[in-house]
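Visitor: Can you keep this structure in mind? I'll have questions shortly.
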Amino acid sequence: MPRRYVIALIKHETNTFSPIPTPLSSFGHGNGPAFGDAARARFAGTNTPMGAYLDLAIGEGAEIVTPVAAEAWPSNKASRASFEELMRPLEDAVRAGCDAAMLDLHGAMVIEDCDDAEGEIVRRLRKIAPGLPIAVTLDYHTNLSGDLVDHATVITGYKTYPHVDMYDVGRLSGEILIRTLEGEIEPAMAWGWKPLLASVMRHAPEDGPSGDILRYAREMEASGKVLAATLLPSFPHADTPYTGVSAIVVGDAKRGGRTAAAEVCEHMLDIAWQRRAEYAFVAAPLAESVATAKRLGNAAQDGPVLLIDHCDNCGSGGAQDVMAVVAEILRQDLDDVAIAPIRDPAAVAQMISAGVGNRVTIDLGGKTDMPSIGVKGEPMRISGRVLAITDGEFTITGPMYTGIRTFLGRTAVLGVENADGATGTMRNIGPRVEIVVTERGHEPMDLGVFTHCGIDPRQKRFIMLKSRIHYRAGFGPIASHVVECAGVGVTNADLSVYRYEKLRRPIYPLDPL
């Protein structure tokens, strides 16, 4: 008899300071969750853990059940009712009987009455089937809980940021689980946590201590000392008791793996703690950053200069409609700029009503207040010509989420003349700034955010992206320079702006340690 595998995806990175709600429809990036065969179709052949699980199961000749696939862009807490809609088919599938469950989870999902949604997911499955082998993959930005570790059989997580190794991580988790079913190995997990709130802008392996920790983790896996070693630098924009840097290591208990896993885990966290000061991020003043970008762009270059608006990134829960960086780009009169994306459904509707080729004056962005940081939205009155209108759909071809069909909602491109720095009026000298305006928030990690609406970003002098690190997946290879621009928003890298209530204290760098 072939084995029966339940393969499911429930993912949300919850920014508890975000003003963006998370209705059930947001799971599926605006199109709602997928169930049954539709869940399998959505992720088959993709660079995701679920895609890897499906390939492994097919290779095993297993019966595959895909009860749910649901992933939302980061935002505030989902409701208990939405969570139960996602859990019900998963629990029913396990209750019907299976040989193993393979779960593609995030690790920083918070719902309205639970700070540890992933822990609850696995705990509830374990209650239904006490002996069920359960594999879990986690995002790099996990806030790990003991409850999740206690009820999973094996846990692996991404080692890259941008997350281009999602498939590999899912395959590793699934392979360990299958070897466990065969009786070849007996997974034993060791984990630890440090009171360290690490700025996301310092998480990437090339930017701070994480690189050395991850190299060590890979060496330990390659040597055979452990089966898997994962660093989890946390998601600091979630106010929970679990928020902080952690690590989890899987050893083989049949071959002394408990001790080895504990040793490797301790060493990984020791490096993070000893170098904790390197996880802090200090931003330059916005005007200074834009001036630097202008100077770089006006010199001879091989590729565009990237201006990264990292304080208002939907990929971490930002509103993606704060206009501070755009305003400074216009004030300093940068030329030949492409900007993406600004989320503003009302502006999109107005531009569609005007039609391609026609001029329009709109109040762009600034529709969202951010009470958690005491900021009110400030729209920008701006004039320009509608250059393109699209349905906002394209398939990602870059290295992150490769093969996923993605949805910006209706999208329009506004061609804007540069602003007069003294008066703020618009000079009619042709479209020097092209702004991609969307109905939905979207992380700009793929060139498709521009190319699908007729803009070739490779040919631009400047590109402004509302991103933090994921832009590097698609735009890093084409950039001549990168300038980080500290605007305003709920993904601010300065963690002192947030009013934490549930965070375990003391914690570095908010408290002296």
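Letters A, B, ... mark the chains of the structure tokens in the order given; residue numbers begin at 1 per chain; ligand numbers begin at 1, in order shown.
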Give me, as a tab-separated table, each residue of range 74-169 of chain A that comes within 12 Å of range 462-483 of chain A, together with its shortest interatomic pair and the distance in Å at one decimal, counting only C-alpha atoms, with rows ordered by chain and rising residue number.

Guide:
residue	atom	partner	partner_atom	distance
A:Thr160	CA	A:His470	CA	10.1
A:Tyr161	CA	A:His470	CA	6.8
A:Pro162	CA	A:His470	CA	4.6
A:His163	CA	A:His470	CA	7.5
A:Val164	CA	A:Ala473	CA	7.4
A:Asp165	CA	A:Ala473	CA	11.2

Visitor: Write out as an MDAnalysis selection string the residues lying within 8 Å of Leu24 in chain A, counting only C-alpha atoms and excluding same-chain residues fewer than 3 positions away.

Guide: chainID A and resid 27 32:33 78 82

Visitor: Selected residues, N, CA, C and O atoms, written as a CSV table (one decimal), in the first residue's frame, please.

Guide:
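Writing the result to result32.csv gives the following:
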chain,number,residue,atom,x,y,z
A,27,PHE,N,-5.4,35.6,2.3
A,27,PHE,CA,-4.6,34.4,2.1
A,27,PHE,C,-4.8,33.9,0.7
A,27,PHE,O,-5.8,33.5,0.2
A,32,GLY,N,-7.7,34.7,-1.8
A,32,GLY,CA,-8.2,33.7,-0.9
A,32,GLY,C,-7.5,32.4,-0.9
A,32,GLY,O,-6.7,32.1,-1.8
A,33,PRO,N,-7.7,31.6,0.2
A,33,PRO,CA,-7.0,30.3,0.3
A,33,PRO,C,-7.4,29.3,-0.8
A,33,PRO,O,-8.5,29.5,-1.4
A,78,ALA,N,-4.7,37.9,12.0
A,78,ALA,CA,-5.9,37.3,11.4
A,78,ALA,C,-6.8,37.0,12.6
A,78,ALA,O,-6.4,36.9,13.7
A,82,SER,N,-11.0,33.2,10.8
A,82,SER,CA,-10.2,32.9,9.6
A,82,SER,C,-9.2,31.7,9.9
A,82,SER,O,-9.1,30.9,9.0

Visitor: Closest to Ser372 in chain A among A:Cys98, A:Ala81, A:Val490, A:Leu513, using only C-alpha atoms?

Guide: A:Val490

Visitor: Work out how far CA of Leu231 in chain A is from CA of Leu269 in chain A, in Å to one decimal.

Guide: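 These atoms are spaced 8.2 Å apart.
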
Visitor: Given the choices A:Trp273, A:Tyr5, A:Phe407, A:Trp73, which gets closest to Gly315 in chain A if the distance is worked out from only C-alpha atoms?

Guide: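 Of the candidates, the smallest distance to Gly315 in chain A is held by A:Trp73.
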
Visitor: Using only C-alpha atoms, which protein or nucleic acid residues come within 12 Å of range 219-225 of chain A? Drop anything in the same chain fewer than 2 positions from it, and give the result as number ranges by chain.

Guide: A: 156, 172, 212-217, 227-230, 249-253, 255-265, 267-268

Visitor: Under the rule that only C-alpha atoms are counted, which of A:Gly28, A:Gly366, A:Pro130, A:Gly61 is the nearest residue to Asp344 in chain A?

Guide: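 Looking at the shortest contact to Asp344 in chain A, the residue is A:Gly366.
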
Visitor: Skip Pro371 in chain A itself and residues of its chain fewer than 4 positions away, then list as an MDAnalysis selection string all residues within 9 Å of it, counting only C-alpha atoms.

Guide: chainID A and resid 17:19 375:376

Visitor: Taking all heavy atoms for each residue, export the selection above as a PDB file, in the first residue's frame.

Guide:
ATOM      1  N   PHE A  17       2.180  45.660  14.718  1.00  0.00           N
ATOM      2  CA  PHE A  17       2.103  47.120  14.673  1.00  0.00           C
ATOM      3  C   PHE A  17       1.505  47.623  13.354  1.00  0.00           C
ATOM      4  O   PHE A  17       1.334  48.819  13.161  1.00  0.00           O
ATOM      5  CB  PHE A  17       3.492  47.735  14.865  1.00  0.00           C
ATOM      6  CG  PHE A  17       4.177  47.283  16.124  1.00  0.00           C
ATOM      7  CD1 PHE A  17       5.174  46.322  16.090  1.00  0.00           C
ATOM      8  CD2 PHE A  17       3.803  47.795  17.353  1.00  0.00           C
ATOM      9  CE1 PHE A  17       5.798  45.894  17.256  1.00  0.00           C
ATOM     10  CE2 PHE A  17       4.418  47.374  18.528  1.00  0.00           C
ATOM     11  CZ  PHE A  17       5.414  46.422  18.476  1.00  0.00           C
ATOM     12  N   SER A  18       1.206  46.705  12.450  1.00  0.00           N
ATOM     13  CA  SER A  18       0.742  47.078  11.118  1.00  0.00           C
ATOM     14  C   SER A  18      -0.695  47.581  11.145  1.00  0.00           C
ATOM     15  O   SER A  18      -1.536  47.050  11.872  1.00  0.00           O
ATOM     16  CB  SER A  18       0.827  45.866  10.179  1.00  0.00           C
ATOM     17  OG  SER A  18       0.259  46.161   8.917  1.00  0.00           O
ATOM     18  N   PRO A  19      -1.002  48.577  10.312  1.00  0.00           N
ATOM     19  CA  PRO A  19      -2.388  49.031  10.185  1.00  0.00           C
ATOM     20  C   PRO A  19      -3.193  48.240   9.166  1.00  0.00           C
ATOM     21  O   PRO A  19      -4.379  48.507   8.956  1.00  0.00           O
ATOM     22  CB  PRO A  19      -2.217  50.479   9.706  1.00  0.00           C
ATOM     23  CG  PRO A  19      -0.984  50.429   8.866  1.00  0.00           C
ATOM     24  CD  PRO A  19      -0.079  49.421   9.531  1.00  0.00           C
ATOM     25  N   VAL A 375       1.541  58.053  13.545  1.00  0.00           N
ATOM     26  CA  VAL A 375       1.706  58.730  12.254  1.00  0.00           C
ATOM     27  C   VAL A 375       0.389  58.695  11.487  1.00  0.00           C
ATOM     28  O   VAL A 375      -0.246  57.640  11.375  1.00  0.00           O
ATOM     29  CB  VAL A 375       2.816  58.066  11.416  1.00  0.00           C
ATOM     30  CG1 VAL A 375       2.881  58.667  10.019  1.00  0.00           C
ATOM     31  CG2 VAL A 375       4.163  58.206  12.112  1.00  0.00           C
ATOM     32  N   LYS A 376      -0.008  59.846  10.964  1.00  0.00           N
ATOM     33  CA  LYS A 376      -1.185  59.922  10.108  1.00  0.00           C
ATOM     34  C   LYS A 376      -0.745  59.931   8.645  1.00  0.00           C
ATOM     35  O   LYS A 376       0.294  60.480   8.297  1.00  0.00           O
ATOM     36  CB  LYS A 376      -1.999  61.184  10.413  1.00  0.00           C
ATOM     37  CG  LYS A 376      -2.682  61.170  11.772  1.00  0.00           C
ATOM     38  CD  LYS A 376      -3.604  62.350  11.945  1.00  0.00           C
ATOM     39  CE  LYS A 376      -4.820  62.271  11.037  1.00  0.00           C
ATOM     40  NZ  LYS A 376      -5.707  61.118  11.369  1.00  0.00           N
TER      41      LYS A 376
END

Visitor: Could you make a table, as JSON lines, of the residues of range 136-168 of chain A that have an atom within 8 Å of an atom of range 103-110 of chain A, each with its nearest atom pair and distance in Å to one decimal, counting only C-alpha atoms, in chain and number order?

Guide:
{"residue": "A:Val136", "atom": "CA", "partner": "A:Leu103", "partner_atom": "CA", "distance": 4.8}
{"residue": "A:Thr137", "atom": "CA", "partner": "A:Asp104", "partner_atom": "CA", "distance": 5.2}
{"residue": "A:Leu138", "atom": "CA", "partner": "A:His106", "partner_atom": "CA", "distance": 4.9}
{"residue": "A:Asp139", "atom": "CA", "partner": "A:His106", "partner_atom": "CA", "distance": 4.9}
{"residue": "A:His141", "atom": "CA", "partner": "A:Ala108", "partner_atom": "CA", "distance": 6.9}
{"residue": "A:Thr142", "atom": "CA", "partner": "A:Gly107", "partner_atom": "CA", "distance": 4.2}
{"residue": "A:Asn143", "atom": "CA", "partner": "A:Ala108", "partner_atom": "CA", "distance": 5.4}
{"residue": "A:Leu144", "atom": "CA", "partner": "A:Gly107", "partner_atom": "CA", "distance": 6.5}

Visitor: Just to be explicit: take each residue in the selection above, keep all heavy atoms, and write the result as a PDB file, in the first residue's frame.

Guide:
ATOM      1  N   VAL A 136       8.085  20.112   9.464  1.00  0.00           N
ATOM      2  CA  VAL A 136       7.734  21.524   9.409  1.00  0.00           C
ATOM      3  C   VAL A 136       8.891  22.304   8.791  1.00  0.00           C
ATOM      4  O   VAL A 136      10.049  22.094   9.161  1.00  0.00           O
ATOM      5  CB  VAL A 136       7.435  22.077  10.825  1.00  0.00           C
ATOM      6  CG1 VAL A 136       7.228  23.586  10.780  1.00  0.00           C
ATOM      7  CG2 VAL A 136       6.227  21.382  11.435  1.00  0.00           C
ATOM      8  N   THR A 137       8.555  23.190   7.859  1.00  0.00           N
ATOM      9  CA  THR A 137       9.536  24.174   7.404  1.00  0.00           C
ATOM     10  C   THR A 137       9.121  25.538   7.931  1.00  0.00           C
ATOM     11  O   THR A 137       7.934  25.847   8.027  1.00  0.00           O
ATOM     12  CB  THR A 137       9.646  24.240   5.872  1.00  0.00           C
ATOM     13  OG1 THR A 137       8.368  24.549   5.310  1.00  0.00           O
ATOM     14  CG2 THR A 137      10.146  22.923   5.310  1.00  0.00           C
ATOM     15  N   LEU A 138      10.135  26.359   8.259  1.00  0.00           N
ATOM     16  CA  LEU A 138       9.887  27.678   8.820  1.00  0.00           C
ATOM     17  C   LEU A 138      10.634  28.748   8.022  1.00  0.00           C
ATOM     18  O   LEU A 138      11.703  28.496   7.469  1.00  0.00           O
ATOM     19  CB  LEU A 138      10.343  27.738  10.286  1.00  0.00           C
ATOM     20  CG  LEU A 138       9.603  26.839  11.271  1.00  0.00           C
ATOM     21  CD1 LEU A 138      10.243  26.948  12.649  1.00  0.00           C
ATOM     22  CD2 LEU A 138       8.120  27.180  11.335  1.00  0.00           C
ATOM     23  N   ASP A 139      10.073  29.923   8.024  1.00  0.00           N
ATOM     24  CA  ASP A 139      10.700  31.091   7.437  1.00  0.00           C
ATOM     25  C   ASP A 139      11.899  31.519   8.288  1.00  0.00           C
ATOM     26  O   ASP A 139      11.957  31.241   9.493  1.00  0.00           O
ATOM     27  CB  ASP A 139       9.666  32.223   7.369  1.00  0.00           C
ATOM     28  CG  ASP A 139      10.127  33.421   6.567  1.00  0.00           C
ATOM     29  OD1 ASP A 139      10.879  34.252   7.132  1.00  0.00           O
ATOM     30  OD2 ASP A 139       9.727  33.549   5.403  1.00  0.00           O
ATOM     31  N   HIS A 141      12.438  34.343   9.362  1.00  0.00           N
ATOM     32  CA  HIS A 141      11.996  35.319  10.363  1.00  0.00           C
ATOM     33  C   HIS A 141      10.993  34.699  11.323  1.00  0.00           C
ATOM     34  O   HIS A 141       9.898  35.221  11.535  1.00  0.00           O
ATOM     35  CB  HIS A 141      11.419  36.556   9.673  1.00  0.00           C
ATOM     36  CG  HIS A 141      12.395  37.221   8.769  1.00  0.00           C
ATOM     37  ND1 HIS A 141      12.296  37.188   7.404  1.00  0.00           N
ATOM     38  CD2 HIS A 141      13.524  37.900   9.048  1.00  0.00           C
ATOM     39  CE1 HIS A 141      13.321  37.836   6.875  1.00  0.00           C
ATOM     40  NE2 HIS A 141      14.083  38.284   7.851  1.00  0.00           N
ATOM     41  N   THR A 142      11.391  33.597  11.915  1.00  0.00           N
ATOM     42  CA  THR A 142      10.548  32.874  12.863  1.00  0.00           C
ATOM     43  C   THR A 142      10.801  33.352  14.288  1.00  0.00           C
ATOM     44  O   THR A 142      11.940  33.619  14.662  1.00  0.00           O
ATOM     45  CB  THR A 142      10.840  31.360  12.773  1.00  0.00           C
ATOM     46  OG1 THR A 142      10.241  30.832  11.594  1.00  0.00           O
ATOM     47  CG2 THR A 142      10.319  30.599  13.973  1.00  0.00           C
ATOM     48  N   ASN A 143       9.720  33.428  15.066  1.00  0.00           N
ATOM     49  CA  ASN A 143       9.813  33.586  16.515  1.00  0.00           C
ATOM     50  C   ASN A 143       9.440  32.235  17.121  1.00  0.00           C
ATOM     51  O   ASN A 143       8.259  31.903  17.248  1.00  0.00           O
ATOM     52  CB  ASN A 143       8.877  34.700  16.998  1.00  0.00           C
ATOM     53  CG  ASN A 143       9.274  36.054  16.445  1.00  0.00           C
ATOM     54  OD1 ASN A 143      10.454  36.375  16.350  1.00  0.00           O
ATOM     55  ND2 ASN A 143       8.290  36.854  16.079  1.00  0.00           N
ATOM     56  N   LEU A 144      10.444  31.460  17.464  1.00  0.00           N
ATOM     57  CA  LEU A 144      10.256  30.039  17.778  1.00  0.00           C
ATOM     58  C   LEU A 144       9.733  29.833  19.193  1.00  0.00           C
ATOM     59  O   LEU A 144      10.212  30.455  20.143  1.00  0.00           O
ATOM     60  CB  LEU A 144      11.575  29.297  17.591  1.00  0.00           C
ATOM     61  CG  LEU A 144      11.533  27.773  17.653  1.00  0.00           C
ATOM     62  CD1 LEU A 144      10.654  27.203  16.540  1.00  0.00           C
ATOM     63  CD2 LEU A 144      12.954  27.208  17.536  1.00  0.00           C
TER      64      LEU A 144
END

Visitor: With only C-alpha atoms as the counted atoms, please give the residues lying no more than 7 Å from range 236-241 of chain A, apart from itself and same-chain residues fewer than 3 positions off, as a PyMOL selection string.

Guide: chain A and resi 14-17+115+197-199+500-504

Visitor: Would you put the residues from that selection into a file with N, CA, C and O atoms, as a compact mmCIF listing (two decimals), in the first residue's frame?

Guide:
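Okay, selection08.txt is ready:
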# COMPACT_ATOMS: atom_id res chain seq x y z
N THR A 14 3.20 38.04 10.85
CA THR A 14 2.30 39.01 11.46
C THR A 14 3.07 40.16 12.08
O THR A 14 3.83 39.98 13.04
N ASN A 15 2.84 41.35 11.54
CA ASN A 15 3.37 42.58 12.12
C ASN A 15 2.28 43.15 13.03
O ASN A 15 1.29 43.70 12.55
N THR A 16 2.46 43.00 14.33
CA THR A 16 1.41 43.42 15.26
C THR A 16 1.29 44.92 15.37
O THR A 16 0.38 45.42 16.04
N PHE A 17 2.18 45.66 14.72
CA PHE A 17 2.10 47.12 14.67
C PHE A 17 1.51 47.62 13.35
O PHE A 17 1.33 48.82 13.16
N ASP A 115 -0.62 34.05 20.34
CA ASP A 115 0.65 34.62 19.88
C ASP A 115 1.52 33.60 19.15
O ASP A 115 2.58 33.96 18.63
N LEU A 197 16.89 41.29 20.01
CA LEU A 197 15.97 41.82 19.01
C LEU A 197 16.82 42.35 17.86
O LEU A 197 17.39 43.44 17.94
N ALA A 198 16.91 41.57 16.81
CA ALA A 198 17.81 41.89 15.70
C ALA A 198 17.06 42.62 14.60
O ALA A 198 16.02 42.15 14.12
N SER A 199 17.57 43.78 14.19
CA SER A 199 16.93 44.53 13.11
C SER A 199 16.95 43.71 11.82
O SER A 199 17.98 43.14 11.44
N TYR A 500 6.32 47.93 22.70
CA TYR A 500 6.15 46.50 22.98
C TYR A 500 5.46 46.30 24.33
O TYR A 500 5.78 46.98 25.31
N GLU A 501 4.54 45.35 24.38
CA GLU A 501 3.85 45.03 25.61
C GLU A 501 4.04 43.59 26.05
O GLU A 501 4.02 43.28 27.24
N LYS A 502 4.22 42.68 25.09
CA LYS A 502 4.34 41.25 25.41
C LYS A 502 5.77 40.73 25.32
O LYS A 502 6.05 39.61 25.75
N LEU A 503 6.66 41.50 24.77
CA LEU A 503 8.05 41.09 24.60
C LEU A 503 8.69 40.74 25.93
O LEU A 503 8.47 41.43 26.93
N ARG A 504 9.43 39.65 25.95
CA ARG A 504 10.15 39.29 27.18
C ARG A 504 11.27 40.31 27.43
O ARG A 504 12.09 40.56 26.56

Visitor: Please measure the separation of CA of Arg461 in chain A and CA of Gly377 in chain A, giving the value in Å to one decimal.

Guide: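 Straight-line distance from CA of Arg461 in chain A to CA of Gly377 in chain A works out to 29.0 Å.
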
Visitor: So which one's closest to Glu278 in chain A, A:Ser75, A:Asp55, A:Tyr498, A:Pro509? Using only C-alpha atoms, please.

Guide: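 Looking only at the distances to Glu278 in chain A, the closest residue turns out to be A:Pro509.
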
Visitor: Nearest to Asp116 in chain A among A:Thr361, A:Thr243, A:Thr402, A:Thr153, with distances taken over only C-alpha atoms: which residue is it?

Guide: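 Nearest to Asp116 in chain A: A:Thr243.
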
Visitor: Between A:Pro304, A:Gly487, A:Gly119, A:Pro379, which has the minimum distance to Asp147 in chain A (counting only C-alpha atoms)?

Guide: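 For Asp147 in chain A, the nearest of the candidates is A:Gly119.
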
Visitor: Which distance in Å separates CA of Ile329 in chain A and CA of Asp207 in chain A, to one decimal?

Guide: 26.0 Å

Visitor: Check the DSSP output for the backbone and give back, as a count of residues only, the residues of range 234-330 of chain A in helix (DSSP H, G or I).

Guide: 48

Visitor: Excluding Asn313 in chain A and its own-chain neighbours fewer than 2 positions away, which residues fall within 8 Å of it when counting only C-alpha atoms? Please give them as a PyMOL selection string.

Guide: chain A and resi 309-311+315-320+443+466-468+491

Visitor: DSSP on the backbone: which residues in range 319-482 of chain A end up as strand (DSSP E)? Give the answer as a VMD selection string.

Guide: chain A and resid 337 to 343 359 to 364 380 to 390 393 to 395 405 to 407 411 to 416 433 to 438 462 to 465 481 to 482
